[in-house]
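With TSV, C-alpha atoms inside, this is upload-v1.tsv:
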```
chain	number	residue	atom	x	y	z
W	1	MET	CA	73.68	155.18	9.10
W	2	GLY	CA	76.61	153.36	7.49
W	3	VAL	CA	77.30	149.93	8.97
W	4	ARG	CA	80.25	147.77	8.07
W	5	ILE	CA	80.93	144.18	9.09
W	6	ARG	CA	84.47	143.20	10.06
W	7	LYS	CA	86.39	140.78	12.27
W	8	MET	CA	86.63	141.58	15.97
W	9	GLN	CA	89.64	143.58	17.08
W	10	THR	CA	91.08	143.95	20.57
W	11	ARG	CA	89.64	147.49	20.78
W	12	ASP	CA	86.12	145.98	20.57
W	13	ARG	CA	86.51	144.03	23.79
W	14	GLU	CA	84.64	146.38	26.13
W	15	ALA	CA	81.67	146.86	23.78
W	16	LEU	CA	81.46	143.13	23.00
W	17	ASP	CA	81.70	142.15	26.66
W	18	ARG	CA	78.80	144.53	27.37
W	19	MET	CA	76.72	143.12	24.50
W	20	MET	CA	77.52	139.49	25.46
W	21	HIS	CA	76.46	140.22	29.03
W	22	GLU	CA	73.23	141.81	27.81
W	23	LEU	CA	72.48	138.89	25.49
W	24	TRP	CA	73.06	136.28	28.17
W	25	LEU	CA	71.19	138.26	30.82
W	26	ILE	CA	68.15	138.24	28.51
W	27	HIS	CA	68.59	134.48	28.14
W	28	ALA	CA	68.95	133.97	31.89
W	29	ILE	CA	65.79	136.02	32.55
W	30	LYS	CA	63.70	134.34	29.84
W	31	CYS	CA	65.01	130.79	30.30
W	32	ARG	CA	65.20	129.46	33.84
W	33	TYR	CA	67.76	126.83	32.83
W	34	ILE	CA	70.50	129.31	31.96
W	35	SER	CA	72.88	130.10	34.78
W	36	LYS	CA	73.44	133.72	35.73
W	37	SER	CA	77.03	132.78	36.58
W	38	TYR	CA	77.55	132.17	32.85
W	39	VAL	CA	76.42	135.74	32.20
W	40	GLU	CA	79.07	137.09	34.56
W	41	ALA	CA	81.82	135.03	32.91
W	42	ALA	CA	81.22	136.24	29.32
W	43	ASP	CA	84.54	137.39	27.88
W	44	ALA	CA	84.71	138.32	24.19
W	45	TYR	CA	88.49	138.46	23.98
W	46	ARG	CA	88.91	135.01	25.52
W	47	GLU	CA	86.32	133.61	23.10
W	48	MET	CA	87.97	135.28	20.11
W	49	ARG	CA	91.26	133.49	20.80
W	50	LYS	CA	89.80	129.97	20.82
W	51	LYS	CA	90.54	127.62	17.94
W	52	ASN	CA	88.01	127.58	15.06
W	53	LYS	CA	86.14	130.57	16.52
W	54	GLU	CA	85.47	133.90	14.91
W	55	ILE	CA	83.60	136.98	16.05
W	56	LEU	CA	82.26	139.40	13.46
W	57	VAL	CA	81.52	142.96	14.49
W	58	ALA	CA	78.95	145.36	13.08
W	59	GLU	CA	80.44	148.83	13.31
W	60	ALA	CA	78.46	152.08	13.01
W	61	GLU	CA	79.55	155.60	13.83
W	62	GLY	CA	82.98	154.25	14.81
W	63	LYS	CA	81.74	151.83	17.45
W	64	ALA	CA	80.75	148.18	17.72
W	65	VAL	CA	76.94	147.91	17.65
W	66	GLY	CA	76.48	144.19	17.07
W	67	TYR	CA	78.29	140.92	16.67
W	68	ALA	CA	78.04	137.36	15.39
W	69	TYR	CA	79.93	134.54	17.08
W	70	LEU	CA	80.91	131.65	14.77
W	71	THR	CA	82.54	128.27	15.25
W	72	VAL	CA	83.47	125.59	12.75
W	73	LYS	CA	82.29	122.28	14.24
W	74	ARG	CA	82.39	118.62	13.36
W	75	ALA	CA	78.92	117.29	12.49
W	76	GLU	CA	77.26	114.30	14.08
W	77	SER	CA	77.61	111.15	11.96
W	78	PHE	CA	73.94	111.14	10.91
W	79	PHE	CA	74.28	114.40	8.95
W	80	ARG	CA	75.10	114.40	5.24
W	81	PHE	CA	77.97	116.80	5.88
W	82	LYS	CA	81.08	116.40	8.01
W	83	ARG	CA	81.53	119.97	9.27
W	84	TYR	CA	79.37	123.07	9.60
W	85	LEU	CA	79.58	126.72	10.58
W	86	TYR	CA	77.81	127.14	13.90
W	87	LEU	CA	76.20	130.53	14.45
W	88	ASP	CA	76.33	130.51	18.23
W	89	GLU	CA	75.28	134.09	18.89
W	90	ILE	CA	74.11	137.10	16.96
W	91	PHE	CA	73.28	140.31	18.79
W	92	VAL	CA	72.51	143.91	17.91
W	93	ASP	CA	72.64	146.80	20.39
W	94	THR	CA	69.13	147.94	21.32
W	95	ALA	CA	69.62	151.40	19.78
W	96	TYR	CA	70.44	149.84	16.38
W	97	ARG	CA	67.77	147.16	16.16
W	98	ARG	CA	65.21	147.08	13.34
W	99	GLY	CA	67.69	148.94	11.12
W	100	GLY	CA	69.14	146.04	9.13
W	101	VAL	CA	72.24	145.42	11.26
W	102	GLY	CA	71.23	141.84	12.08
W	103	LEU	CA	70.52	141.22	8.40
W	104	LEU	CA	74.00	142.48	7.45
W	105	LEU	CA	75.61	140.23	10.07
W	106	LEU	CA	73.62	137.20	8.95
W	107	ARG	CA	74.44	137.81	5.30
W	108	GLU	CA	78.15	138.05	6.14
W	109	VAL	CA	77.89	134.76	8.05
W	110	LYS	CA	76.24	133.22	4.98
W	111	SER	CA	79.04	134.57	2.77
W	112	ILE	CA	81.72	133.08	5.03
W	113	ALA	CA	79.92	129.72	5.04
W	114	ARG	CA	79.68	129.75	1.23
W	115	LYS	CA	83.41	130.48	0.91
W	116	LYS	CA	84.19	127.60	3.27
W	117	GLY	CA	81.70	125.32	1.55
W	118	LEU	CA	79.85	124.73	4.82
W	119	PRO	CA	76.20	124.76	5.85
W	120	ILE	CA	75.20	126.95	8.80
W	121	LEU	CA	73.53	125.63	11.93
W	122	ALA	CA	72.22	128.11	14.51
W	123	ARG	CA	70.67	127.78	17.94
W	124	ILE	CA	67.77	130.21	18.23
W	125	TYR	CA	65.66	130.41	21.36
W	126	PRO	CA	61.86	130.65	21.01
W	127	PHE	CA	61.81	134.09	22.64
W	128	SER	CA	64.15	135.45	19.92
W	129	LYS	CA	61.26	136.30	17.60
W	130	GLY	CA	63.29	138.73	15.49
W	131	MET	CA	66.02	136.19	14.79
W	132	LEU	CA	63.51	133.44	14.08
W	133	GLY	CA	61.80	135.65	11.49
W	134	LEU	CA	65.07	136.87	9.98
W	135	SER	CA	66.40	133.32	9.67
W	136	ALA	CA	63.27	132.11	7.89
W	137	LYS	CA	63.26	135.16	5.60
W	138	GLU	CA	66.91	134.50	4.69
W	139	GLY	CA	66.25	130.87	3.72
W	140	GLY	CA	66.88	129.10	7.01
W	141	GLU	CA	64.93	125.93	7.76
W	142	MET	CA	63.88	124.68	11.20
W	143	LEU	CA	65.89	121.52	11.87
W	144	HIS	CA	64.52	120.52	15.27
W	145	SER	CA	63.37	121.78	18.64
W	146	THR	CA	65.00	120.93	21.94
W	147	PHE	CA	62.85	120.35	25.00
W	148	ILE	CA	63.85	120.21	28.64
W	149	PHE	CA	61.83	118.06	31.00
W	150	PRO	CA	62.47	119.27	34.58
W	151	LYS	CA	63.53	116.83	37.28
```

Once you've parsed the file, please lay out its structure as structure tokens.
Amino acid sequence: MGVRIRKMQTRDREALDRMMHELWLIHAIKCRYISKSYVEAADAYREMRKKNKEILVAEAEGKAVGYAYLTVKRAESFFRFKRYLYLDEIFVDTAYRRGGVGLLLLREVKSIARKKGLPILARIYPFSKGMLGLSAKEGGEMLHSTFIFPK
């Protein structure tokens, strides 16, 4: 299976909306603090048009089978860097998982960050075991954990 990574195009909207919905539905099911209304509002094309945002698409067999959602952000003052590339989402269609698609997406994100001279920060939920393992394997370091204490 040949997979190529490219920037999102308007023709990807339907596939990306479906994948974004699936990703956020998983989050809403596994994390009681994530609103299901957010899942319904996911809109890839709207996100693509926002300033400092970029969506990469993994394409196989002529269709979008995964994506990575990136944002350049200003760092908090306590960091040793002023800006960073935020890897907000990375997702691979179920039929294409465990085939290296996530690895290709992550490596392209790393390449973009290198070209921009930026570190990468990513939010990874504890239930995302595959992404946790892939991030560690690719040289990522755990920065912190976020806890929620219910009311």

Counting all atoms listed in the file, what is within 9 Å of Ala122 of chain W, bar same-chain residues fewer than 5 positions away, as a list in words? Leu85, Tyr86, Leu87, Asp88 and Glu89 of chain W

With C-alpha atoms retained, write the just-selected residues as a short mmCIF file (atom, residue, chain, number, x, y, z; two decimals), in the coordinates of the input.
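Now in out-v7.cif:
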```cif
data_model
loop_
_atom_site.label_atom_id
_atom_site.label_comp_id
_atom_site.auth_asym_id
_atom_site.auth_seq_id
_atom_site.Cartn_x
_atom_site.Cartn_y
_atom_site.Cartn_z
CA LEU W 85 79.58 126.72 10.58
CA TYR W 86 77.81 127.14 13.90
CA LEU W 87 76.20 130.53 14.45
CA ASP W 88 76.33 130.51 18.23
CA GLU W 89 75.28 134.09 18.89
#
```

Kindly indicate which residue among W:Phe127, W:Phe79, W:Ile112, W:Glu61 lies nearest to Ala28 of chain W, using all atoms listed in the file for the distances. W:Phe127

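Considering the residues W:Ile55, W:Ala60, W:Ala113, W:Phe149 and counting all atoms listed in the file, Asp93 of chain W has its shortest atom-to-atom contact with W:Ala60.
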
Listed atoms of segment 67-83 of chain W boxed axis-aligned with 5 Å per side, centre + edges as lines of an AutoDock Vina configuration file:
```
center_x = 78.7
center_y = 126.0
center_z = 11.2
size_x = 19.5
size_y = 39.8
size_z = 21.8
```

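Separating atom CA of Pro150 of chain W from atom CA of Arg123 of chain W is a distance of 20.4 Å.
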
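Of note, atom CA of Val101 of chain W and atom CA of Gly117 of chain W are spaced 24.2 Å apart.
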
Residues at most 10 Å from Lys116 of chain W, counting all atoms listed in the file, excluding those fewer than 6 positions away in the same chain, as a ChimeraX atom specification? /W:72,84-85,110

Pick out the residues sitting within 12 Å of Leu132 of chain W, and hand them over as a PyMOL selection string; count all atoms listed in the file, and ignore anything fewer than 2 positions along from it in its own chain. chain W and resi 90+102-103+106+122-130+134-142

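Distance annotation: of W:Ile120, W:Tyr69, W:Glu59, W:Ala64, the residue with the minimal separation from Arg13 of chain W is W:Ala64; atom set is all atoms listed in the file.
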
Quick one: pull the distance between atom CA of Glu22 of chain W and atom CA of Ser111 of chain W, Å, one decimal. 26.7 Å

Scan for residues within 6 Å of the point (84.0, 131.4, 15.3) in the coordinates of the file, using all atoms listed in the file, and reply as a list of chain:residue names. W:Asn52, W:Lys53, W:Glu54, W:Ile55, W:Tyr69, W:Leu70, W:Thr71

Which neighbours of Gly66 of chain W fall inside 7 Å, counting all atoms listed in the file, when residues of the same chain fewer than 3 positions from it are skipped, and could you give them as a PDB file with C-alpha atoms, keeping the file's coordinate frame?
```pdb
ATOM      1  CA  VAL W  57      81.520 142.960  14.490  1.00  0.00           C
ATOM      2  CA  ALA W  58      78.950 145.360  13.080  1.00  0.00           C
ATOM      3  CA  PHE W  91      73.280 140.310  18.790  1.00  0.00           C
ATOM      4  CA  VAL W  92      72.510 143.910  17.910  1.00  0.00           C
ATOM      5  CA  ASP W  93      72.640 146.800  20.390  1.00  0.00           C
TER       6      ASP W  93
END
```

From the list W:Ile34, W:Ile29, W:Ala75, W:Ala68, the nearest residue to Pro119 of chain W using only C-alpha atoms is W:Ala75

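Of the residues listed (W:Lys63, W:Val3, W:Met20, W:Leu143), W:Val3 shows the shortest atom-to-atom separation from Gly99 of chain W; distances use all atoms listed in the file.
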
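In terms of minimum interatomic distance to Leu23 of chain W, W:Thr94 ranks closest within W:Lys151, W:Thr146, W:Glu76, W:Thr94, counting all atoms listed in the file.
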
Expected file content for segment 31-140 of chain W, C-alpha atoms, as a PDB file, in the first residue's frame:
```
ATOM      1  CA  CYS W  31     -13.447  10.775  28.677  1.00  0.00           C
ATOM      2  CA  ARG W  32     -16.573  11.954  30.455  1.00  0.00           C
ATOM      3  CA  TYR W  33     -15.401  15.573  30.368  1.00  0.00           C
ATOM      4  CA  ILE W  34     -15.556  15.910  26.589  1.00  0.00           C
ATOM      5  CA  SER W  35     -18.813  17.245  25.244  1.00  0.00           C
ATOM      6  CA  LYS W  36     -20.643  15.268  22.585  1.00  0.00           C
ATOM      7  CA  SER W  37     -21.800  18.596  21.134  1.00  0.00           C
ATOM      8  CA  TYR W  38     -18.165  19.243  20.199  1.00  0.00           C
ATOM      9  CA  VAL W  39     -18.181  15.982  18.247  1.00  0.00           C
ATOM     10  CA  GLU W  40     -21.164  17.139  16.207  1.00  0.00           C
ATOM     11  CA  ALA W  41     -19.534  20.486  15.416  1.00  0.00           C
ATOM     12  CA  ALA W  42     -16.268  19.088  13.970  1.00  0.00           C
ATOM     13  CA  ASP W  43     -15.670  20.721  10.591  1.00  0.00           C
ATOM     14  CA  ALA W  44     -12.364  20.072   8.813  1.00  0.00           C
ATOM     15  CA  TYR W  45     -12.774  22.774   6.188  1.00  0.00           C
ATOM     16  CA  ARG W  46     -13.540  25.464   8.767  1.00  0.00           C
ATOM     17  CA  GLU W  47     -10.490  24.387  10.789  1.00  0.00           C
ATOM     18  CA  MET W  48      -8.250  24.367   7.713  1.00  0.00           C
ATOM     19  CA  ARG W  49      -9.014  28.032   7.016  1.00  0.00           C
ATOM     20  CA  LYS W  50      -8.001  29.312  10.455  1.00  0.00           C
ATOM     21  CA  LYS W  51      -4.812  31.329  10.841  1.00  0.00           C
ATOM     22  CA  ASN W  52      -1.644  29.363  11.739  1.00  0.00           C
ATOM     23  CA  LYS W  53      -3.444  26.027  11.248  1.00  0.00           C
ATOM     24  CA  GLU W  54      -2.550  23.237   8.896  1.00  0.00           C
ATOM     25  CA  ILE W  55      -4.057  19.832   8.252  1.00  0.00           C
ATOM     26  CA  LEU W  56      -1.910  17.113   6.718  1.00  0.00           C
ATOM     27  CA  VAL W  57      -3.604  14.215   4.969  1.00  0.00           C
ATOM     28  CA  ALA W  58      -2.393  10.645   4.571  1.00  0.00           C
ATOM     29  CA  GLU W  59      -3.638   9.430   1.211  1.00  0.00           C
ATOM     30  CA  ALA W  60      -3.787   5.779   0.131  1.00  0.00           C
ATOM     31  CA  GLU W  61      -5.550   4.257  -2.837  1.00  0.00           C
ATOM     32  CA  GLY W  62      -6.723   7.739  -3.866  1.00  0.00           C
ATOM     33  CA  LYS W  63      -8.511   8.543  -0.618  1.00  0.00           C
ATOM     34  CA  ALA W  64      -7.779  10.276   2.677  1.00  0.00           C
ATOM     35  CA  VAL W  65      -7.055   7.627   5.334  1.00  0.00           C
ATOM     36  CA  GLY W  66      -5.581   9.758   8.103  1.00  0.00           C
ATOM     37  CA  TYR W  67      -4.733  13.278   9.119  1.00  0.00           C
ATOM     38  CA  ALA W  68      -2.644  15.428  11.440  1.00  0.00           C
ATOM     39  CA  TYR W  69      -3.921  18.793  12.661  1.00  0.00           C
ATOM     40  CA  LEU W  70      -1.195  21.357  13.427  1.00  0.00           C
ATOM     41  CA  THR W  71      -1.133  24.855  14.876  1.00  0.00           C
ATOM     42  CA  VAL W  72       1.738  27.248  15.478  1.00  0.00           C
ATOM     43  CA  LYS W  73       1.247  28.645  18.989  1.00  0.00           C
ATOM     44  CA  ARG W  74       2.912  31.140  21.268  1.00  0.00           C
ATOM     45  CA  ALA W  75       4.590  29.429  24.232  1.00  0.00           C
ATOM     46  CA  GLU W  76       4.006  30.271  27.869  1.00  0.00           C
ATOM     47  CA  SER W  77       6.710  32.554  29.276  1.00  0.00           C
ATOM     48  CA  PHE W  78       8.298  29.804  31.397  1.00  0.00           C
ATOM     49  CA  PHE W  79       9.378  27.789  28.338  1.00  0.00           C
ATOM     50  CA  ARG W  80      12.819  28.256  26.783  1.00  0.00           C
ATOM     51  CA  PHE W  81      11.203  28.792  23.390  1.00  0.00           C
ATOM     52  CA  LYS W  82       8.764  31.447  22.223  1.00  0.00           C
ATOM     53  CA  ARG W  83       6.671  29.442  19.753  1.00  0.00           C
ATOM     54  CA  TYR W  84       5.976  25.773  19.066  1.00  0.00           C
ATOM     55  CA  LEU W  85       4.169  23.525  16.626  1.00  0.00           C
ATOM     56  CA  TYR W  86       1.163  22.060  18.398  1.00  0.00           C
ATOM     57  CA  LEU W  87       0.103  18.614  17.206  1.00  0.00           C
ATOM     58  CA  ASP W  88      -3.544  18.873  18.170  1.00  0.00           C
ATOM     59  CA  GLU W  89      -4.831  15.717  16.515  1.00  0.00           C
ATOM     60  CA  ILE W  90      -3.477  12.758  14.629  1.00  0.00           C
ATOM     61  CA  PHE W  91      -5.843  10.063  13.409  1.00  0.00           C
ATOM     62  CA  VAL W  92      -5.703   7.041  11.121  1.00  0.00           C
ATOM     63  CA  ASP W  93      -8.768   5.303   9.683  1.00  0.00           C
ATOM     64  CA  THR W  94      -9.372   1.971  11.427  1.00  0.00           C
ATOM     65  CA  ALA W  95      -8.761  -0.049   8.241  1.00  0.00           C
ATOM     66  CA  TYR W  96      -5.269   1.476   7.877  1.00  0.00           C
ATOM     67  CA  ARG W  97      -4.022   1.282  11.453  1.00  0.00           C
ATOM     68  CA  ARG W  98      -0.894  -0.667  12.411  1.00  0.00           C
ATOM     69  CA  GLY W  99       0.426  -0.166   8.868  1.00  0.00           C
ATOM     70  CA  GLY W 100       2.772   2.771   9.420  1.00  0.00           C
ATOM     71  CA  VAL W 101       0.388   5.569   8.414  1.00  0.00           C
ATOM     72  CA  GLY W 102       0.574   7.253  11.833  1.00  0.00           C
ATOM     73  CA  LEU W 103       4.357   7.001  11.723  1.00  0.00           C
ATOM     74  CA  LEU W 104       4.445   8.698   8.298  1.00  0.00           C
ATOM     75  CA  LEU W 105       2.185  11.494   9.550  1.00  0.00           C
ATOM     76  CA  LEU W 106       4.268  12.009  12.686  1.00  0.00           C
ATOM     77  CA  ARG W 107       7.511  12.064  10.719  1.00  0.00           C
ATOM     78  CA  GLU W 108       6.072  14.688   8.347  1.00  0.00           C
ATOM     79  CA  VAL W 109       5.024  16.773  11.365  1.00  0.00           C
ATOM     80  CA  LYS W 110       8.583  16.467  12.689  1.00  0.00           C
ATOM     81  CA  SER W 111       9.966  17.542   9.300  1.00  0.00           C
ATOM     82  CA  ILE W 112       7.716  20.622   9.223  1.00  0.00           C
ATOM     83  CA  ALA W 113       8.757  21.534  12.769  1.00  0.00           C
ATOM     84  CA  ARG W 114      12.452  21.192  11.864  1.00  0.00           C
ATOM     85  CA  LYS W 115      12.007  23.454   8.822  1.00  0.00           C
ATOM     86  CA  LYS W 116      10.273  26.058  10.992  1.00  0.00           C
ATOM     87  CA  GLY W 117      12.840  25.672  13.761  1.00  0.00           C
ATOM     88  CA  LEU W 118      10.116  24.823  16.280  1.00  0.00           C
ATOM     89  CA  PRO W 119       9.695  22.143  18.928  1.00  0.00           C
ATOM     90  CA  ILE W 120       6.509  20.054  18.840  1.00  0.00           C
ATOM     91  CA  LEU W 121       4.066  19.823  21.716  1.00  0.00           C
ATOM     92  CA  ALA W 122       1.226  17.295  21.535  1.00  0.00           C
ATOM     93  CA  ARG W 123      -1.761  16.503  23.721  1.00  0.00           C
ATOM     94  CA  ILE W 124      -2.135  12.733  23.979  1.00  0.00           C
ATOM     95  CA  TYR W 125      -4.871  11.160  26.073  1.00  0.00           C
ATOM     96  CA  PRO W 126      -3.988   8.172  28.292  1.00  0.00           C
ATOM     97  CA  PHE W 127      -6.336   5.889  26.342  1.00  0.00           C
ATOM     98  CA  SER W 128      -4.397   6.609  23.108  1.00  0.00           C
ATOM     99  CA  LYS W 129      -1.915   3.806  23.764  1.00  0.00           C
ATOM    100  CA  GLY W 130      -0.758   3.593  20.140  1.00  0.00           C
ATOM    101  CA  MET W 131       0.066   7.293  19.957  1.00  0.00           C
ATOM    102  CA  LEU W 132       1.775   7.244  23.347  1.00  0.00           C
ATOM    103  CA  GLY W 133       4.022   4.401  22.198  1.00  0.00           C
ATOM    104  CA  LEU W 134       4.685   5.937  18.787  1.00  0.00           C
ATOM    105  CA  SER W 135       5.588   9.297  20.334  1.00  0.00           C
ATOM    106  CA  ALA W 136       8.064   7.718  22.742  1.00  0.00           C
ATOM    107  CA  LYS W 137       9.568   5.576  19.974  1.00  0.00           C
ATOM    108  CA  GLU W 138      10.027   8.682  17.809  1.00  0.00           C
ATOM    109  CA  GLY W 139      11.889  10.591  20.531  1.00  0.00           C
ATOM    110  CA  GLY W 140       9.036  12.383  22.272  1.00  0.00           C
TER     111      GLY W 140
END
```
